[in-house]
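Q: Mind having a look at this structure? Questions to follow.
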Amino acid sequence: MRPGAHPLRRAAEGARPVDFGAFVRATSHAGDLVVQPRMGFSDPVTMRAGLAATRAADATTVGTVTLDSYTRVGELASVESALRAGADLNGYPIVTYDRAVTGQVLAGIRDESFPVQVRHGSAVPGDIFAALRRTLINATEGGPVSYCLPYGRTPLDESVRNWVRCTEDFAQLRESGVEPHLETFGGCMLGQLCPPSQLVAISVLEALFFCQHGIRSVSLSYAQQTHPGQDREAVAALRRLCGELLPTPNWHVVIYAYMGVYPTTDEGAYLLLDEATRLAVDSGSERLIVKTVAESRRIPTVAENVAALEAAALTARTAPPGDPAPAASDTQTYREARALIEGVLELSPDIGHAFELAFRQGALDIPYCLHPDNHGRARGYIDGDGRLRWAGIGRLPLAGLVGPPRTRQATSSGLIADLSYVQRAFDRLAMESGGIRNPERADIAAAESRSVSGGESRERPRT
């Protein structure tokens, strides 16, 4: 559906920002998948052009303003120096630009049929949230865990304090008649080799954290992993846990196209995006963050982003029905995720403090994460069927739910093979299909992935 035909489109210039979550949920109820790029440019004219192109795409879209790396870590002097020198940054420096500049970027583009979200990646986001409030931008994302452990060395307790303050301040947007929306990045921890149950658990826990500090409109992320059946099981578990635990009905699920090493061929990249789109549609998820053909090489252009948005929208509209998501049953992923969530919540009624205790005790432990506050005893690996499994659980509260750990020694070559698993599978599939994209058969990539793994002899990680 082109944006001009969207059922929510109304006169918008000068209108208050729409509730991002309500917009996505209404669009899903109308039968459309919302698709979104990860787009950010330092030049305001280019940023505005990118938003305009996203809005004009043949898809139901929302806009993205992704911030630059200096702003994310609070190095604002470096931002000012780069701008004076005329250097391009890798995102939009919203804190440094005057409010009027950002207002001009959004004027006439952001409206009730085209909400805009700011994406940043900061464990010290105070200046960023202040800029959002000044500009009445009411949708952003992150979390005290997911924007701390993977991205830097900010102590977890400091990140928690920062996010408590920023979340509570952000919630005050309602006093201006604007509903704030926060998306947890917890379902994307490190992008890969973290078994789905922990992605689901952290996503739910961060959403509960947001709600505890005043947010009523939330979304929960889940990043496409290595096996479509396991992904459907994970999203079903996520949706069930949301229904059971969240104190607000205004929630939705956002799927991220695979966040690990991406295919190097254009055809492989599109096949992987097709599979991510099928996951979103088949699981009943309401929103999809796309990736482009340029992911393995460089920052994508506006045109490449639009092409990815339109490809995903076409797949969502035309692909035949796939396997439905698992019924509301106690699947392995659900049982593990529930145990992890309960193991954290029983530590403290204050979820931020519970996060600190959980990582201190090893009740949460992210595989291969080198942050000082992470125990580093849990390990994941890809099994012969292409599923992510626990190679070792450390002190995670999963005893009795997970089988004995793998005994093969962890090697650098085995880890690299796992990290490039999806890239190799989809590039190989693209070459064997003669470079002809067939969006109705993107699911065969899963079988190809399993054959890639099963046909090799690799060392498996262990604790």
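In the structure tokens, chains take letters A, B, ... by order of appearance, with residues numbered from 1 within each chain and ligands from 1 in the order shown.
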Using only C-alpha atoms, determine which residues lie at most 7 Å from Ser285 (chain A), disregarding the query and same-chain residues fewer than 5 positions distant; provide the list as a PyMOL selection string.
A: chain A and resi 253-255+280
Q: Would you pick out the contacts of Glu168 (chain A) at 12 Å or less, using only C-alpha atoms, so that residues sharing its chain but fewer than 6 positions from it are not included, and give the list as a PyMOL selection string?
A: chain A and resi 126+129-130+133+161-162+174+180+182+209-216
Q: Which residue out of A:Ser197, A:Thr248, A:Thr277, A:Gln332 has the minimum interatomic distance to Ala313 (chain A) when only C-alpha atoms are used?
A: A:Thr277
Q: Calculated over only C-alpha atoms, which of the candidates A:Ser221, A:Thr265, A:Gln198, A:Ser176 has the smallest distance to Arg335 (chain A)?
A: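 Ranked by minimum distance to Arg335 (chain A), first place goes to A:Gln198.
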Q: Could you work out how far CA of Leu271 (chain A) lies from CA of Gly229 (chain A), giving the answer in Å with one decimal?
A: 16.4 Å
Q: From a backbone DSSP assignment, name each residue in region 144-238 of chain A labelled strand (DSSP E), as a CSV table (one decimal) with N, CA, C and O atoms, in the first residue's frame.
A:
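Result saved to part-v3.csv:
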```csv
chain,number,residue,atom,x,y,z
A,181,HIS,N,7.1,6.4,23.1
A,181,HIS,CA,7.2,5.0,22.7
A,181,HIS,C,8.7,4.6,22.8
A,181,HIS,O,9.6,5.3,22.3
A,182,LEU,N,8.9,3.4,23.5
A,182,LEU,CA,10.3,2.9,23.6
A,182,LEU,C,10.3,1.4,23.1
A,182,LEU,O,9.4,0.6,23.4
A,183,GLU,N,11.3,1.2,22.3
A,183,GLU,CA,11.5,-0.2,21.7
A,183,GLU,C,12.8,-0.8,22.4
A,183,GLU,O,13.8,-0.2,22.4
A,184,THR,N,12.6,-2.0,23.0
A,184,THR,CA,13.7,-2.6,23.6
A,184,THR,C,14.6,-3.3,22.5
A,184,THR,O,14.1,-3.9,21.5
A,217,SER,N,3.7,2.7,25.9
A,217,SER,CA,3.7,2.2,24.5
A,217,SER,C,5.1,1.6,24.3
A,217,SER,O,6.1,2.4,24.3
A,218,VAL,N,5.2,0.3,24.1
A,218,VAL,CA,6.5,-0.4,23.9
A,218,VAL,C,6.5,-1.3,22.7
A,218,VAL,O,5.4,-1.8,22.3
A,219,SER,N,7.6,-1.6,22.2
A,219,SER,CA,7.8,-2.7,21.2
A,219,SER,C,9.0,-3.5,21.7
A,219,SER,O,9.9,-3.0,22.3
A,220,LEU,N,8.9,-4.8,21.3
A,220,LEU,CA,9.9,-5.7,21.7
A,220,LEU,C,10.6,-6.3,20.4
A,220,LEU,O,9.9,-6.8,19.5
A,221,SER,N,11.9,-6.3,20.5
A,221,SER,CA,12.7,-6.8,19.3
A,221,SER,C,13.0,-8.2,19.3
A,221,SER,O,13.1,-8.8,20.4
A,222,TYR,N,13.2,-8.8,18.1
A,222,TYR,CA,13.8,-10.1,18.0
A,222,TYR,C,14.5,-10.2,16.7
A,222,TYR,O,14.0,-9.8,15.6
A,223,ALA,N,15.8,-10.5,16.7
A,223,ALA,CA,16.7,-10.6,15.5
A,223,ALA,C,16.6,-11.9,14.9
A,223,ALA,O,16.8,-12.9,15.6
```
Q: Do you know which residues are at most 9 Å from region 22-25 of chain A counting only C-alpha atoms, after dropping those on the same chain fewer than 2 positions away, and could you put them as a count of residues only?
A: 21
Q: Would you mind listing what lies within 8 Å of region 97-104 of chain A as a list in words, with only C-alpha atoms counted and same-chain residues fewer than 2 positions away left out?
A: Pro44, Pro93, Ile94, Val95, Leu106, Ala107, Ala131, Arg134 and Thr135 of chain A
Q: Just the selected residues (N, CA, C and O atoms), exported as a PDB file, in the first residue's frame, please.
A:
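The new file selection.pdb reads:
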```
ATOM      1  N   PRO A  44      21.735  17.604   7.213  1.00  0.00           N
ATOM      2  CA  PRO A  44      20.281  17.699   7.371  1.00  0.00           C
ATOM      3  C   PRO A  44      19.519  17.584   6.052  1.00  0.00           C
ATOM      4  O   PRO A  44      18.421  16.996   6.024  1.00  0.00           O
ATOM      5  N   PRO A  93      23.716  14.032  14.025  1.00  0.00           N
ATOM      6  CA  PRO A  93      24.101  14.538  15.353  1.00  0.00           C
ATOM      7  C   PRO A  93      23.012  15.393  15.983  1.00  0.00           C
ATOM      8  O   PRO A  93      23.133  16.619  16.092  1.00  0.00           O
ATOM      9  N   ILE A  94      21.981  14.766  16.471  1.00  0.00           N
ATOM     10  CA  ILE A  94      20.783  15.476  16.905  1.00  0.00           C
ATOM     11  C   ILE A  94      21.040  16.384  18.103  1.00  0.00           C
ATOM     12  O   ILE A  94      20.375  17.417  18.258  1.00  0.00           O
ATOM     13  N   VAL A  95      22.003  16.030  18.944  1.00  0.00           N
ATOM     14  CA  VAL A  95      22.277  16.851  20.124  1.00  0.00           C
ATOM     15  C   VAL A  95      22.951  18.167  19.733  1.00  0.00           C
ATOM     16  O   VAL A  95      22.660  19.226  20.290  1.00  0.00           O
ATOM     17  N   LEU A 106      12.183  17.475   9.728  1.00  0.00           N
ATOM     18  CA  LEU A 106      10.938  16.714   9.896  1.00  0.00           C
ATOM     19  C   LEU A 106       9.713  17.415   9.317  1.00  0.00           C
ATOM     20  O   LEU A 106       8.700  16.758   9.033  1.00  0.00           O
ATOM     21  N   ALA A 107       9.772  18.718   9.129  1.00  0.00           N
ATOM     22  CA  ALA A 107       8.589  19.500   8.741  1.00  0.00           C
ATOM     23  C   ALA A 107       8.000  19.009   7.424  1.00  0.00           C
ATOM     24  O   ALA A 107       8.703  18.884   6.417  1.00  0.00           O
ATOM     25  N   ALA A 131      17.325  16.074  23.741  1.00  0.00           N
ATOM     26  CA  ALA A 131      17.092  16.572  22.382  1.00  0.00           C
ATOM     27  C   ALA A 131      15.765  16.048  21.829  1.00  0.00           C
ATOM     28  O   ALA A 131      15.045  16.769  21.119  1.00  0.00           O
ATOM     29  N   ARG A 134      12.979  18.102  23.342  1.00  0.00           N
ATOM     30  CA  ARG A 134      12.912  19.458  22.778  1.00  0.00           C
ATOM     31  C   ARG A 134      12.222  19.464  21.419  1.00  0.00           C
ATOM     32  O   ARG A 134      11.533  20.423  21.065  1.00  0.00           O
ATOM     33  N   THR A 135      12.411  18.404  20.653  1.00  0.00           N
ATOM     34  CA  THR A 135      11.870  18.343  19.291  1.00  0.00           C
ATOM     35  C   THR A 135      10.550  17.578  19.233  1.00  0.00           C
ATOM     36  O   THR A 135       9.990  17.394  18.158  1.00  0.00           O
TER      37      THR A 135
END
```
Q: Which of these, A:Gln192, A:Arg16, A:Val344, A:Tyr258, has the shortest distance to Ile289 (chain A) once you count only C-alpha atoms?
A: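 For Ile289 (chain A), the nearest of the candidates is A:Tyr258.
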Q: According to DSSP computed on the backbone, where in region 86-334 of chain A is there helix (DSSP H, G or I)? Give the residues as a ChimeraX atom specification.
A: /A:99-106,126-135,156-176,186-188,196-212,228-245,266-283,302-318,332-334
Q: Between A:Leu199, A:Ala237, A:Gly31, A:Ile382, which has the minimum distance to Thr331 (chain A) (counting only C-alpha atoms)?
A: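 Result for the nearest residue to Thr331 (chain A): A:Ala237.
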Q: Calculate how many Å separate CA of Gly414 (chain A) from CA of Asp383 (chain A), rounding to one decimal.
A: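 Answer for the CA of Gly414 (chain A) to CA of Asp383 (chain A) separation: 11.8 Å.
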Q: One decimal, in Å: what's the spacing between CA of Arg298 (chain A) and CA of Ala269 (chain A)?
A: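 Going from CA of Arg298 (chain A) over to CA of Ala269 (chain A) covers 13.7 Å.
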